[in-house]
Each structure stands twice: as structure tokens, then as C-alpha cells.
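Source file: start_20.cif (mmCIF, C-alpha atoms)
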```
data_structure
#
loop_
_atom_site.label_atom_id
_atom_site.label_comp_id
_atom_site.auth_asym_id
_atom_site.auth_seq_id
_atom_site.Cartn_x
_atom_site.Cartn_y
_atom_site.Cartn_z
CA MET A 1 0.00 0.00 0.00
CA ARG A 2 2.86 2.36 0.95
CA LYS A 3 4.57 1.65 -2.41
CA ILE A 4 1.44 2.51 -4.31
CA LEU A 5 1.08 5.80 -2.45
CA SER A 6 4.74 6.67 -3.05
CA LEU A 7 4.41 5.90 -6.77
CA SER A 8 1.29 8.02 -7.07
CA LEU A 9 2.98 10.90 -5.28
CA PHE A 10 6.01 10.60 -7.56
CA LEU A 11 3.84 10.66 -10.72
CA PHE A 12 1.87 13.64 -9.45
CA VAL A 13 5.01 15.66 -8.71
CA SER A 14 6.63 14.67 -12.03
CA ILE A 15 3.58 15.72 -14.05
CA ASN A 16 3.40 19.10 -12.30
CA ILE A 17 7.12 19.71 -12.85
CA THR A 18 6.72 18.85 -16.55
CA ILE A 19 3.73 21.20 -16.90
CA ALA A 20 5.67 23.99 -15.19
CA GLN A 21 8.61 23.47 -17.52
CA ILE A 22 6.36 23.61 -20.62
CA GLU A 23 4.74 26.77 -19.32
CA ASN A 24 8.14 28.39 -18.81
CA GLU A 25 9.27 27.33 -22.27
CA ILE A 26 6.14 28.83 -23.82
CA ARG A 27 6.62 32.08 -21.89
CA ALA A 28 10.25 32.29 -22.93
CA TYR A 29 9.64 31.31 -26.59
CA VAL A 30 10.24 34.06 -29.14
CA ASP A 31 9.93 33.51 -32.89
CA SER A 32 12.98 35.47 -33.98
CA THR A 33 11.90 35.39 -37.63
CA GLU A 34 8.54 36.99 -36.82
CA LEU A 35 10.30 39.68 -34.81
CA ILE A 36 12.72 40.39 -37.68
CA VAL A 37 9.82 40.53 -40.18
CA ASN A 38 7.87 43.01 -38.06
CA ASN A 39 10.86 45.27 -37.51
CA GLY A 40 11.80 44.95 -41.17
CA ARG A 41 8.33 46.02 -42.32
CA LYS A 42 8.56 49.12 -40.11
CA LEU A 43 11.99 49.97 -41.50
CA LEU A 44 10.85 49.41 -45.08
CA VAL A 45 8.00 51.91 -44.70
CA GLN A 46 10.41 54.41 -43.19
CA GLN A 47 12.77 54.07 -46.16
CA LEU A 48 9.89 54.46 -48.63
CA ASN A 49 8.76 57.61 -46.83
CA ASN A 50 12.32 58.92 -47.18
CA GLU A 51 12.26 57.89 -50.87
CA ASN A 52 15.30 55.73 -50.30
CA TYR A 53 14.15 53.14 -52.83
CA ILE A 54 17.45 51.26 -53.04
CA LYS A 55 17.44 50.58 -49.30
CA ALA A 56 13.73 49.72 -49.37
CA LYS A 57 14.36 47.17 -52.13
CA GLU A 58 17.21 45.61 -50.12
CA ILE A 59 14.93 45.22 -47.08
CA TYR A 60 12.15 43.78 -49.25
CA ILE A 61 14.49 41.17 -50.80
CA PHE A 62 16.01 40.31 -47.41
CA LEU A 63 12.61 39.68 -45.77
CA ASN A 64 11.41 37.58 -48.69
CA ASN A 65 14.55 35.44 -48.50
CA LYS A 66 14.26 35.20 -44.72
CA THR A 67 10.79 33.62 -45.03
CA LEU A 68 11.48 31.70 -48.24
CA ASN A 69 11.30 28.26 -46.59
CA SER A 70 8.77 29.24 -43.94
CA ASN A 71 5.07 28.46 -43.93
CA TYR A 72 4.50 32.16 -43.28
CA LYS A 73 5.69 34.96 -45.55
CA ALA A 74 6.73 38.54 -44.87
CA PHE A 75 4.22 40.20 -47.22
CA THR A 76 0.78 39.64 -48.66
CA TYR A 77 0.30 39.57 -52.42
CA ASN A 78 -1.15 43.09 -52.42
CA GLU A 79 1.74 44.39 -50.31
CA LYS A 80 4.27 42.89 -52.71
CA LEU A 81 2.58 44.65 -55.61
CA TYR A 82 2.41 47.99 -53.77
CA ILE A 83 6.06 47.86 -52.66
CA ASN A 84 7.31 47.07 -56.16
CA VAL A 85 5.16 49.86 -57.60
CA LEU A 86 6.74 52.36 -55.20
CA ILE A 87 10.31 51.16 -55.87
CA ARG A 88 9.55 51.15 -59.63
CA ASP A 89 10.52 47.50 -60.09
CA TRP A 90 8.30 46.90 -63.11
CA ASN A 91 9.79 43.49 -63.94
CA THR A 92 9.02 42.10 -60.50
CA ILE A 93 5.46 43.40 -60.81
CA LEU A 94 5.07 41.57 -64.12
CA LEU A 95 6.44 38.41 -62.51
CA LEU A 96 3.88 38.74 -59.70
CA PHE A 97 1.13 39.15 -62.32
CA THR A 98 2.32 36.03 -64.14
CA ASN A 99 2.59 33.94 -60.97
CA TYR A 100 -0.72 35.10 -59.52
CA GLU A 101 -2.09 31.61 -58.80
CA SER A 102 0.93 30.50 -56.75
CA GLU A 103 1.59 33.85 -55.05
CA ILE A 104 -1.96 34.29 -53.82
CA LYS A 105 -1.83 31.00 -51.86
CA TYR A 106 0.86 32.13 -49.42
CA HIS A 107 0.01 33.06 -45.82
CA THR A 108 1.68 35.79 -43.78
CA TYR A 109 2.49 35.92 -40.11
CA PRO A 110 -0.57 36.88 -38.05
CA ASN A 111 -0.68 40.33 -36.41
CA LEU A 112 2.06 41.82 -38.56
CA TYR A 113 2.84 45.52 -38.41
CA PRO A 114 0.22 47.08 -40.75
CA ILE A 115 1.63 48.73 -43.88
CA TRP A 116 -1.11 48.19 -46.48
CA SER A 117 -2.91 51.53 -46.15
CA VAL A 118 0.35 53.52 -45.90
CA LEU A 119 1.64 51.96 -49.13
CA TYR A 120 -1.66 52.51 -50.93
CA ASP A 121 -1.92 56.17 -49.90
CA ASP A 122 1.65 56.75 -51.07
CA ILE A 123 0.86 55.23 -54.48
CA VAL A 124 -2.20 57.46 -54.91
CA LYS A 125 -0.13 60.57 -54.08
CA LYS A 126 2.59 59.62 -56.56
CA SER A 127 0.33 58.16 -59.24
CA GLU A 128 1.11 60.78 -61.90
CA THR A 129 4.87 60.41 -61.39
CA LEU A 130 4.59 56.62 -61.45
CA MET A 131 2.58 56.73 -64.68
CA LEU A 132 5.17 58.98 -66.33
CA GLN A 133 8.09 56.76 -65.26
CA LEU A 134 6.26 53.69 -66.52
CA LYS A 135 5.65 55.40 -69.87
CA ASN A 136 9.36 56.19 -70.19
CA SER A 137 10.46 52.66 -69.31
CA GLU A 138 11.78 50.17 -71.86
CA LEU A 139 8.98 47.67 -71.34
CA SER A 140 6.97 46.33 -74.27
CA ASN A 141 3.60 47.91 -75.07
CA GLU A 142 1.76 44.91 -73.67
CA ASN A 143 3.64 45.04 -70.37
CA LYS A 144 3.19 48.79 -70.08
CA SER A 145 -0.52 48.45 -70.77
CA ILE A 146 -1.20 45.88 -68.05
CA ILE A 147 0.75 47.84 -65.40
CA GLU A 148 -0.91 51.08 -66.50
CA LEU A 149 -4.31 49.42 -66.11
CA TYR A 150 -3.40 48.31 -62.59
CA LEU A 151 -2.00 51.73 -61.62
CA TYR A 152 -5.09 53.49 -62.94
CA LEU A 153 -7.32 51.23 -60.83
CA LEU A 154 -5.26 52.08 -57.73
CA LYS A 155 -5.41 55.78 -58.55
CA VAL A 156 -9.19 56.08 -58.95
CA GLY A 157 -10.10 53.40 -56.42
CA ASN A 158 -13.11 52.12 -58.37
CA ILE A 159 -14.37 51.06 -61.79
CA ASP A 160 -15.24 53.86 -64.21
CA ASN A 161 -15.64 54.35 -67.97
CA VAL A 162 -11.91 54.94 -68.46
CA TYR A 163 -11.07 51.67 -66.70
CA ASN A 164 -13.67 49.85 -68.80
CA LYS A 165 -12.14 51.25 -71.98
CA LYS A 166 -8.55 50.43 -70.95
CA LEU A 167 -9.50 46.86 -70.03
CA SER A 168 -11.44 46.37 -73.28
CA ASN A 169 -8.56 47.72 -75.36
CA TYR A 170 -6.08 45.44 -73.61
CA LEU A 171 -8.24 42.33 -74.07
CA ASP A 172 -8.80 43.17 -77.74
CA LEU A 173 -5.11 43.68 -78.46
CA TYR A 174 -3.69 40.82 -76.37
CA ARG A 175 -6.13 37.93 -76.55
CA ASN A 176 -3.68 35.26 -75.37
CA SER A 177 -2.05 37.29 -72.62
CA LYS A 178 0.24 35.52 -70.16
CA TYR A 179 -1.44 37.62 -67.48
CA GLU A 180 -4.83 36.03 -68.11
CA LYS A 181 -5.15 34.51 -64.62
CA PHE A 182 -4.32 37.83 -62.96
CA ILE A 183 -6.81 39.70 -65.14
CA LYS A 184 -9.57 37.15 -64.68
CA ASN A 185 -9.18 36.50 -60.95
CA TYR A 186 -7.68 39.69 -59.52
CA LEU A 187 -8.71 42.67 -61.62
CA PRO A 188 -12.40 43.62 -61.49
CA ASN A 189 -14.48 42.96 -64.58
CA LYS A 190 -15.75 45.77 -66.72
CA GLN A 191 -18.62 47.61 -65.13
CA THR A 192 -21.90 47.01 -66.92
CA LYS A 193 -24.01 50.13 -67.08
CA GLY A 194 -27.45 49.00 -65.99
CA SER A 195 -30.57 50.16 -64.21
CA MET A 196 -34.03 49.09 -63.20
CA SER A 197 -36.84 51.60 -62.89
CA VAL A 198 -40.52 51.86 -62.07
CA SER A 199 -42.69 54.54 -63.64
CA MET A 200 -46.26 55.77 -63.28
CA GLY A 201 -48.04 58.47 -65.20
CA SER A 202 -50.82 59.43 -67.57
CA GLY A 203 -51.30 59.69 -71.28
CA MET A 204 -53.58 60.23 -74.28
CA ILE A 205 -55.21 57.67 -76.57
CA LEU A 206 -55.69 58.78 -80.20
CA SER A 207 -57.38 56.41 -82.67
CA SER A 208 -57.80 56.13 -86.44
CA GLY A 209 -60.29 54.58 -88.90
CA LYS A 210 -63.71 53.62 -87.60
CA LEU A 211 -62.39 53.83 -84.04
CA LYS A 212 -61.80 57.53 -84.56
CA SER A 213 -65.25 57.97 -86.12
CA ASN A 214 -67.00 56.40 -83.14
CA PHE A 215 -64.83 57.37 -80.15
CA ASN A 216 -63.36 60.55 -78.78
CA SER A 217 -59.75 60.71 -77.71
CA GLY A 218 -59.29 59.41 -74.17
CA ALA A 219 -57.02 59.63 -71.18
CA MET A 220 -55.22 56.69 -69.66
CA PHE A 221 -53.02 55.62 -66.79
CA ASN A 222 -49.67 53.99 -67.56
CA MET A 223 -47.23 51.98 -65.51
CA SER A 224 -44.00 50.23 -66.48
CA LEU A 225 -41.00 48.28 -65.21
CA ASP A 226 -37.94 49.16 -67.31
CA PHE A 227 -34.57 47.40 -67.57
CA ASN A 228 -31.65 49.17 -69.25
CA ILE A 229 -28.36 47.31 -69.81
CA GLU A 230 -25.69 49.29 -71.66
CA LYS A 231 -27.44 50.35 -74.91
CA ILE A 232 -30.39 47.94 -74.61
CA PHE A 233 -33.80 49.25 -73.54
CA THR A 234 -36.61 46.91 -72.42
CA SER A 235 -39.91 47.72 -70.78
CA LEU A 236 -42.78 45.68 -69.38
CA TYR A 237 -45.74 48.03 -69.47
CA PHE A 238 -49.44 48.36 -68.75
CA GLU A 239 -51.89 51.02 -69.93
CA GLY A 240 -55.49 51.38 -68.89
CA GLY A 241 -58.11 54.03 -69.55
CA GLY A 242 -61.35 54.83 -71.29
CA LEU A 243 -62.77 55.85 -74.66
CA PHE A 244 -66.08 57.70 -74.87
CA LEU A 245 -68.69 57.28 -77.60
CA LYS A 246 -69.31 60.09 -80.08
CA ASN A 247 -72.62 58.73 -81.35
CA SER A 248 -75.26 56.49 -79.85
CA PHE A 249 -76.08 53.08 -81.39
CA GLN A 250 -77.94 49.86 -80.64
CA ALA A 251 -76.44 46.41 -80.37
CA LYS A 252 -77.29 42.93 -79.15
CA VAL A 253 -75.21 41.80 -76.17
CA ASN A 254 -75.84 38.48 -74.37
CA SER A 255 -79.26 38.27 -76.08
CA ASP A 256 -80.09 41.72 -74.68
CA SER A 257 -80.86 44.69 -76.91
CA ILE A 258 -78.67 47.46 -75.60
CA THR A 259 -78.64 51.14 -76.52
CA PHE A 260 -75.22 52.74 -76.14
CA ASN A 261 -75.54 56.48 -75.66
CA THR A 262 -73.21 59.34 -76.47
CA ASP A 263 -70.38 59.66 -73.90
CA ASP A 264 -70.80 56.06 -72.67
CA ARG A 265 -67.42 54.81 -71.51
CA PHE A 266 -65.62 51.86 -73.09
CA SER A 267 -62.60 50.41 -71.26
CA TYR A 268 -59.20 50.38 -72.88
CA PHE A 269 -56.37 48.04 -71.86
CA ASN A 270 -52.99 47.46 -73.46
CA GLY A 271 -50.04 45.62 -71.97
CA GLY A 272 -46.88 44.08 -73.32
CA LEU A 273 -43.19 44.46 -74.01
CA LYS A 274 -41.08 47.20 -75.62
CA GLY A 275 -37.51 46.83 -76.76
CA GLY A 276 -35.03 49.21 -78.34
CA TYR A 277 -31.43 50.33 -78.75
CA PHE A 278 -30.34 53.65 -77.24
CA LEU A 279 -29.22 56.25 -79.74
CA ILE A 280 -28.48 58.55 -76.80
CA ARG A 281 -27.72 57.41 -73.28
CA ASN A 282 -25.76 59.89 -71.22
CA LYS A 283 -25.94 61.27 -67.69
CA ARG A 284 -28.92 63.52 -68.44
CA LEU A 285 -30.80 62.19 -71.45
CA HIS A 286 -32.09 58.92 -72.89
CA PHE A 287 -33.43 58.56 -76.39
CA THR A 288 -34.31 55.35 -78.20
CA PRO A 289 -36.70 54.13 -80.86
CA TYR A 290 -38.42 50.87 -79.94
CA LEU A 291 -40.63 48.07 -81.22
CA SER A 292 -43.48 46.69 -79.18
CA ILE A 293 -45.70 43.62 -78.92
CA SER A 294 -48.79 43.61 -76.74
CA GLY A 295 -52.34 42.50 -76.12
CA LEU A 296 -55.10 45.09 -76.48
CA THR A 297 -58.75 45.12 -75.43
CA ILE A 298 -61.47 47.73 -76.05
CA GLU A 299 -64.91 46.77 -74.74
CA SER A 300 -68.02 48.10 -73.05
CA THR A 301 -68.47 48.40 -69.28
CA LEU A 302 -72.05 47.14 -68.92
CA TYR A 303 -71.57 44.20 -66.60
CA LYS A 304 -69.09 45.35 -63.99
CA ASP A 305 -70.37 43.02 -61.26
CA ILE A 306 -71.81 40.24 -63.41
CA ASP A 307 -69.86 37.56 -65.26
CA LYS A 308 -71.19 38.27 -68.75
CA ASP A 309 -69.56 39.02 -72.07
CA GLU A 310 -69.11 42.69 -72.90
CA TYR A 311 -69.62 44.33 -76.27
CA GLU A 312 -66.17 44.05 -77.86
CA VAL A 313 -64.62 46.60 -80.16
CA ALA A 314 -61.22 44.88 -80.28
CA THR A 315 -59.53 41.99 -78.51
CA SER A 316 -56.30 41.59 -80.33
CA PHE A 317 -52.59 40.99 -80.53
CA CYS A 318 -50.80 44.24 -81.42
CA TYR A 319 -47.42 45.18 -82.75
CA GLY A 320 -46.07 48.66 -83.04
CA PHE A 321 -43.24 51.12 -82.80
CA GLY A 322 -42.45 54.32 -80.96
CA VAL A 323 -39.82 56.54 -79.37
CA HIS A 324 -38.80 56.67 -75.74
CA SER A 325 -37.12 59.66 -74.12
CA GLU A 326 -36.16 60.26 -70.52
CA ILE A 327 -34.76 63.33 -68.79
CA LYS A 328 -32.99 62.98 -65.45
CA LEU A 329 -34.30 65.43 -62.86
CA PHE A 330 -31.90 64.58 -60.02
CA GLY A 331 -29.92 61.69 -58.60
CA PHE A 332 -28.88 60.55 -55.15
CA ASN A 333 -27.12 57.64 -53.49
CA HIS A 334 -27.24 56.04 -50.10
CA SER A 335 -25.24 53.40 -48.26
CA ASN A 336 -26.72 50.06 -47.35
CA TYR A 337 -26.07 47.94 -44.25
CA TYR A 338 -22.77 46.67 -45.63
CA GLY A 339 -21.43 50.13 -46.41
CA THR A 340 -21.65 49.98 -50.20
CA SER A 341 -23.48 52.79 -51.99
CA LEU A 342 -26.54 52.46 -54.21
CA ASN A 343 -27.30 54.97 -56.95
CA SER A 344 -30.87 56.12 -57.50
CA TYR A 345 -32.48 58.77 -59.67
CA ILE A 346 -35.76 60.48 -60.46
CA SER A 347 -36.55 61.26 -64.09
CA LEU A 348 -39.35 62.31 -66.43
CA LYS A 349 -40.31 59.88 -69.19
CA ILE A 350 -42.04 60.84 -72.43
CA GLU A 351 -43.11 58.19 -74.94
CA SER A 352 -45.05 58.31 -78.17
CA GLY A 353 -45.99 55.27 -80.23
CA TYR A 354 -48.29 53.61 -82.70
CA ASN A 355 -50.02 50.23 -82.14
CA ILE A 356 -51.38 48.23 -85.05
CA ILE A 357 -54.45 46.20 -84.08
CA THR A 358 -54.47 42.88 -85.94
CA LYS A 359 -58.04 41.82 -85.16
CA HIS A 360 -61.16 43.97 -84.70
CA LYS A 361 -64.67 43.00 -83.61
CA ASN A 362 -68.10 44.12 -84.87
CA ASN A 363 -66.76 45.63 -88.11
CA TYR A 364 -64.50 48.15 -86.41
CA SER A 365 -61.21 49.25 -87.95
CA GLY A 366 -58.30 51.51 -87.11
CA ASN A 367 -55.20 51.65 -84.94
CA ILE A 368 -54.03 53.46 -81.80
CA THR A 369 -51.59 56.35 -81.43
CA TYR A 370 -50.59 57.18 -77.86
CA LEU A 371 -48.62 59.75 -75.91
CA ASN A 372 -47.40 59.01 -72.38
CA PHE A 373 -45.88 61.09 -69.60
CA ALA A 374 -44.54 59.41 -66.46
CA LEU A 375 -42.46 60.03 -63.37
CA VAL A 376 -39.65 57.47 -62.97
CA TRP A 377 -37.78 56.16 -59.95
CA GLY A 378 -34.69 54.23 -61.00
CA ILE A 379 -31.95 52.23 -59.27
CA GLY A 380 -28.54 51.96 -60.90
CA ASP A 381 -26.88 54.00 -63.63
CA PHE A 382 -29.04 56.49 -65.48
#
```
How does the structure come out when it is put into C-alpha cells?
Amino acid sequence: MRKILSLSLFLFVSINITIAQIENEIRAYVDSTELIVNNGRKLLVQQLNNENYIKAKEIYIFLNNKTLNSNYKAFTYNEKLYINVLIRDWNTILLLFTNYESEIKYHTYPNLYPIWSVLYDDIVKKSETLMLQLKNSELSNENKSIIELYLYLLKVGNIDNVYNKKLSNYLDLYRNSKYEKFIKNYLPNKQTKGSMSVSMGSGMILSSGKLKSNFNSGAMFNMSLDFNIEKIFTSLYFEGGGLFLKNSFQAKVNSDSITFNTDDRFSYFNGGLKGGYFLIRNKRLHFTPYLSISGLTIESTLYKDIDKDEYEVATSFCYGFGVHSEIKLFGFNHSNYYGTSLNSYISLKIESGYNIITKHKNNYSGNITYLNFALVWGIGDF
């Protein structure tokens, strides 16, 4: 029994001594490489601020070599790009572009001294000088173009029309670029100019043929949901209103002899799809011709609360054409929960068109000309 107690006591003391030793080792442990990397990053920023680019490059190379065989690296991919931009090492930048897939996989030491924002701000300040030095370099046109595209993106901080044009030009000229992975996975895609809008307003219905002979011009309500992508205009629309009789007449409806009197109201409905190509789409004005397909109904309003057939003037498929114009009144933007901004605008829409009715009822004939005015609320790019 005494031996068992002695053995237990010995094991207990040994375990506690071992734990204490491990704790002391952990407390005393210092990763010298991490310390060197942190101090080196601070010194590198200092040398860049002093515009001592030779010294900065030496520090950059030293830290990269120091962590060459380590699981953790001295710099992130973005930091490597920024540093080499500031020290004007265009060839290393091109190598980083080419090796994007392997470079992006590396991990850096956690909690490193932050230098990202300092480097970026410095690039923005010196962007014009950097662009000029790049232009005067001996690089090929392709290599200059890809670095210029990257520098422009850093300078403006977002995608704009100039960036879109530069990217398009590069992709057109260099279809089999060795920087394809970098362009596809790192650089943002071209911004597509698009918007979605809702409109409501009023308009006028003008008819021809026998429709004109029997009905006065009428007013209508219009509503639409428009989608604009680059130069393409599309609109899902609805129009509803009334046409009023000019002359009274008699007709048989549901076996009833009905007398329609002057100024009796007939309902008008037209709904469908418009599509066109913008001739003008700028920050203030839209203008596009369009084609339309729709369904149209003109009928009496005798049986509002009873399920009976109305006297039909036309129930038909229509096709037509017209012009759409839109004038921006003002725009605004607001940030959402995630901090990104959303563009909105208010505009005035004016449309005029002509619908050809393919099938009339009760010996009617004629087509519809219309004029619409609407107030528009849009989200996206006007």
C-alpha cells in the first residue's frame, strides 16, 4: 500500500514539474523570424517615406529570403505589388502578375505591423509620377498596358468608364495574354451600365379609322417596369383608360338589346413588351426608338359586377413602334447595411408610339396612337 502511495505521489510531482517546464518554455519562446519581419516592415516603410528606394528594395528582398522556406511569408500579395510599384521594379510586378495563382496562396504571419494603407496612400499621391516613369520605361507595349491598367485602378479606387475602356482595349489587343489569370481573378471585370426603374403616369389615346369615327380621344393611366443594360432598352408596361362614344347606337349583347348612348365609356387596356437600342444614353438624357408587342382590349363596361360578355370593339394581338425619351431630374445615393453605396435617380419619361391592331370585332377598324408622360424612380446607372 505504501509503495502505491509513493508511486502516485512521484507521478503527481513529475507531471506538475513537466507542466511547469512547458509553461516556462512557452513564456520564454520568441519567434525570432517573426520579430525580424515586423521590424523589417517598419523599417521598409520608413525608407519608402524617405524615398530611399534602393534601401527599401534591399529590405524587401532580405525579408522575402528570410521567409522563403517558412510556412508564413513577410508580405501579402497586395503588399508585394504595392512595394514594387513604389520602388519602380516593373519586372518584379510583371512576374507577380504572371505567378498570380501560386503567389496568392501564401500566408503571412498573423498580427504583422500594418503597412497596407500607408503603401496605398503613397501610391495614390505619386500616381502621376509613377505613370510617367512607366511610360518612359523600356517595357513592351503589352507590359506597359497591363501595369498602366493596374496603376489606374489604384489611382481612382473604383471602376469607371476609363477603366472599362482600358481593359477592353487590352483584351482586344492581347487575346492570349500571359497575365490572363491575374486579369480574370484579380482585376475587377468591366462595369456594366445598368438600371431598373418603375414609372407611373398618364397619357392620351388617339385612334384612327372607324375607331376615330366612333370614339373621342381618351385619357389613360400607364405603368412600367424598365430594364436598361448598356445600350439595350426593355420595358414591361401596362396602360389602362377609357374611350367615350361620339354617337349612340344599338347592339345585341348576351341576347339583350342594348342602346349605347353618347359619352358612354368603353374600357381600354394594353399591356406588353417594348424593346429598343439607345441612340443617346448619357448622364442627363435617354433617347431610343423601340418596337413593341402587346395584347389590347377595347370593350363596353355594362356588366361590372356580373360575369357576362361585354360588347367588344377589339380583342387583339398588337405590334407597333415608338420613341422613348427620358430626362434625369436629379440623382442621389445612399449606403446600405454593408457600407456599399446604391445609386438612384428620379426622371421624367415621355413616350409616343403607334399600335397596329391585328383583329377587330363588330366591323371596327383603325389603330391606336398614344402619348405618355410618367415620373420614374430608378436604381442603378441612369
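You will find CA of Lys210 in chain A at 9.1 Å from CA of Asn367 in chain A.
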Return as a PyMOL selection string the set of residues that the PyMOL selection byres ((chain A and resi 116-129) around 8) yields on the displayed structure.
chain A and resi 45+78-79+82-83+85-86+114-115+130-133+151+154-155
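Among the candidates A:Asn38, A:Ser325, A:Ser300, A:Asn214, the one nearest to Ser267 in chain A when counting only C-alpha atoms is A:Ser300.
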Once the PyMOL selection byres ((chain A and resi 212) around 10) is applied to the coordinates I shared, what remains selected? I want it as a PyMOL selection string.
chain A and resi 206-211+213-217+245-246+364-368
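Taking only C-alpha atoms, the non-local environment of range 163-173 of chain A within 9 Å (same-chain residues fewer than 6 positions away omitted) comprises Glu142, Ser145, Ile146, Glu148, Leu149, Tyr152, Leu153, Asn189, Lys190, Gln191 and Thr192 of chain A.
Distance annotation: of A:Asn362, A:Thr92, A:Tyr186, A:Gln46, the residue with the minimal separation from Ile61 in chain A is A:Thr92; atom set is only C-alpha atoms.
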Between A:Ser347, A:Thr288, A:Asn254, A:Asn99, smallest distance to Gly201 in chain A by only C-alpha atoms belongs to A:Ser347
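Among A:Tyr290, A:Gln47, A:Leu63, A:Phe373, the residue with the shortest atom-to-atom distance to Ala219 in chain A, counting only C-alpha atoms, is A:Phe373.
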To verify the selection step, state as a ChimeraX atom specification which residues the PyMOL selection byres ((chain A and resi 263) around 8) yields on this input.
/A:244-247,261-262,264-265
Kindly extract all protein, DNA and RNA residues lying within 9 Å of the coordinates (-46.4, 41.9, -65.5) given in the file, considering all atoms listed in the file, and supply them as an MDAnalysis selection string.
chainID A and resid 224:225 236:238 271:272
Just need the box for range 146-163 of chain A, edges along x, y and z, holding every atom the file lists for it with 5 Å tacked onto each side, so centre and edge lengths in Å to one decimal, as lines of an AutoDock Vina configuration file.
```
center_x = -7.4
center_y = 51.0
center_z = -62.4
size_x = 26.4
size_y = 20.2
size_z = 22.0
```
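Surrounding residues of (-73.0, 42.0, -72.1) at most 6 Å away are Val253, Asn254, Lys308, Asp309, Glu310 and Tyr311 of chain A (based on all atoms listed in the file).
In this structure, CA of Leu112 in chain A sits 27.3 Å away from CA of Val156 in chain A.
Across the model, the gap from CA of Lys283 in chain A to CA of Asn158 in chain A is 18.3 Å.
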Residue neighbourhood Ser344 in chain A, 7 Å, only C-alpha atoms, exclusion window fewer than 6 positions, as a count of residues only
6
For range 108-127 of chain A, supply N, CA and C atoms and format the output as a PDB file, in the coordinates of the input.
```pdb
ATOM      1  N   THR A 108       0.715  34.963 -44.517  1.00  0.00           N
ATOM      2  CA  THR A 108       1.680  35.790 -43.780  1.00  0.00           C
ATOM      3  C   THR A 108       1.561  35.529 -42.292  1.00  0.00           C
ATOM      4  N   TYR A 109       2.555  35.997 -41.561  1.00  0.00           N
ATOM      5  CA  TYR A 109       2.490  35.920 -40.110  1.00  0.00           C
ATOM      6  C   TYR A 109       1.260  36.689 -39.614  1.00  0.00           C
ATOM      7  N   PRO A 110       0.572  36.137 -38.611  1.00  0.00           N
ATOM      8  CA  PRO A 110      -0.570  36.880 -38.050  1.00  0.00           C
ATOM      9  C   PRO A 110      -0.091  38.101 -37.265  1.00  0.00           C
ATOM     10  N   ASN A 111      -0.940  39.117 -37.212  1.00  0.00           N
ATOM     11  CA  ASN A 111      -0.680  40.330 -36.410  1.00  0.00           C
ATOM     12  C   ASN A 111       0.605  41.043 -36.808  1.00  0.00           C
ATOM     13  N   LEU A 112       0.880  41.087 -38.095  1.00  0.00           N
ATOM     14  CA  LEU A 112       2.060  41.820 -38.560  1.00  0.00           C
ATOM     15  C   LEU A 112       1.828  43.323 -38.475  1.00  0.00           C
ATOM     16  N   TYR A 113       2.915  44.061 -38.411  1.00  0.00           N
ATOM     17  CA  TYR A 113       2.840  45.520 -38.410  1.00  0.00           C
ATOM     18  C   TYR A 113       2.129  45.977 -39.688  1.00  0.00           C
ATOM     19  N   PRO A 114       1.028  46.740 -39.575  1.00  0.00           N
ATOM     20  CA  PRO A 114       0.220  47.080 -40.750  1.00  0.00           C
ATOM     21  C   PRO A 114       0.905  48.116 -41.655  1.00  0.00           C
ATOM     22  N   ILE A 115       1.013  47.790 -42.927  1.00  0.00           N
ATOM     23  CA  ILE A 115       1.630  48.730 -43.880  1.00  0.00           C
ATOM     24  C   ILE A 115       0.776  48.940 -45.120  1.00  0.00           C
ATOM     25  N   TRP A 116      -0.291  48.175 -45.256  1.00  0.00           N
ATOM     26  CA  TRP A 116      -1.110  48.190 -46.480  1.00  0.00           C
ATOM     27  C   TRP A 116      -1.621  49.582 -46.825  1.00  0.00           C
ATOM     28  N   SER A 117      -2.283  50.227 -45.874  1.00  0.00           N
ATOM     29  CA  SER A 117      -2.910  51.530 -46.150  1.00  0.00           C
ATOM     30  C   SER A 117      -1.865  52.608 -46.403  1.00  0.00           C
ATOM     31  N   VAL A 118      -0.719  52.537 -45.701  1.00  0.00           N
ATOM     32  CA  VAL A 118       0.350  53.520 -45.900  1.00  0.00           C
ATOM     33  C   VAL A 118       0.894  53.413 -47.321  1.00  0.00           C
ATOM     34  N   LEU A 119       1.125  52.185 -47.775  1.00  0.00           N
ATOM     35  CA  LEU A 119       1.640  51.960 -49.130  1.00  0.00           C
ATOM     36  C   LEU A 119       0.639  52.456 -50.169  1.00  0.00           C
ATOM     37  N   TYR A 120      -0.624  52.125 -49.962  1.00  0.00           N
ATOM     38  CA  TYR A 120      -1.660  52.510 -50.930  1.00  0.00           C
ATOM     39  C   TYR A 120      -1.770  54.039 -51.037  1.00  0.00           C
ATOM     40  N   ASP A 121      -1.821  54.707 -49.902  1.00  0.00           N
ATOM     41  CA  ASP A 121      -1.920  56.170 -49.900  1.00  0.00           C
ATOM     42  C   ASP A 121      -0.732  56.807 -50.624  1.00  0.00           C
ATOM     43  N   ASP A 122       0.443  56.231 -50.429  1.00  0.00           N
ATOM     44  CA  ASP A 122       1.650  56.750 -51.070  1.00  0.00           C
ATOM     45  C   ASP A 122       1.562  56.581 -52.593  1.00  0.00           C
ATOM     46  N   ILE A 123       1.022  55.459 -53.037  1.00  0.00           N
ATOM     47  CA  ILE A 123       0.860  55.230 -54.480  1.00  0.00           C
ATOM     48  C   ILE A 123      -0.094  56.249 -55.082  1.00  0.00           C
ATOM     49  N   VAL A 124      -1.207  56.500 -54.402  1.00  0.00           N
ATOM     50  CA  VAL A 124      -2.200  57.460 -54.910  1.00  0.00           C
ATOM     51  C   VAL A 124      -1.572  58.852 -55.037  1.00  0.00           C
ATOM     52  N   LYS A 125      -0.784  59.254 -54.037  1.00  0.00           N
ATOM     53  CA  LYS A 125      -0.130  60.570 -54.080  1.00  0.00           C
ATOM     54  C   LYS A 125       0.844  60.684 -55.248  1.00  0.00           C
ATOM     55  N   LYS A 126       1.532  59.593 -55.545  1.00  0.00           N
ATOM     56  CA  LYS A 126       2.590  59.620 -56.560  1.00  0.00           C
ATOM     57  C   LYS A 126       2.136  59.028 -57.888  1.00  0.00           C
ATOM     58  N   SER A 127       0.838  58.874 -58.071  1.00  0.00           N
ATOM     59  CA  SER A 127       0.330  58.160 -59.240  1.00  0.00           C
ATOM     60  C   SER A 127       0.760  58.795 -60.562  1.00  0.00           C
TER      61      SER A 127
END
```
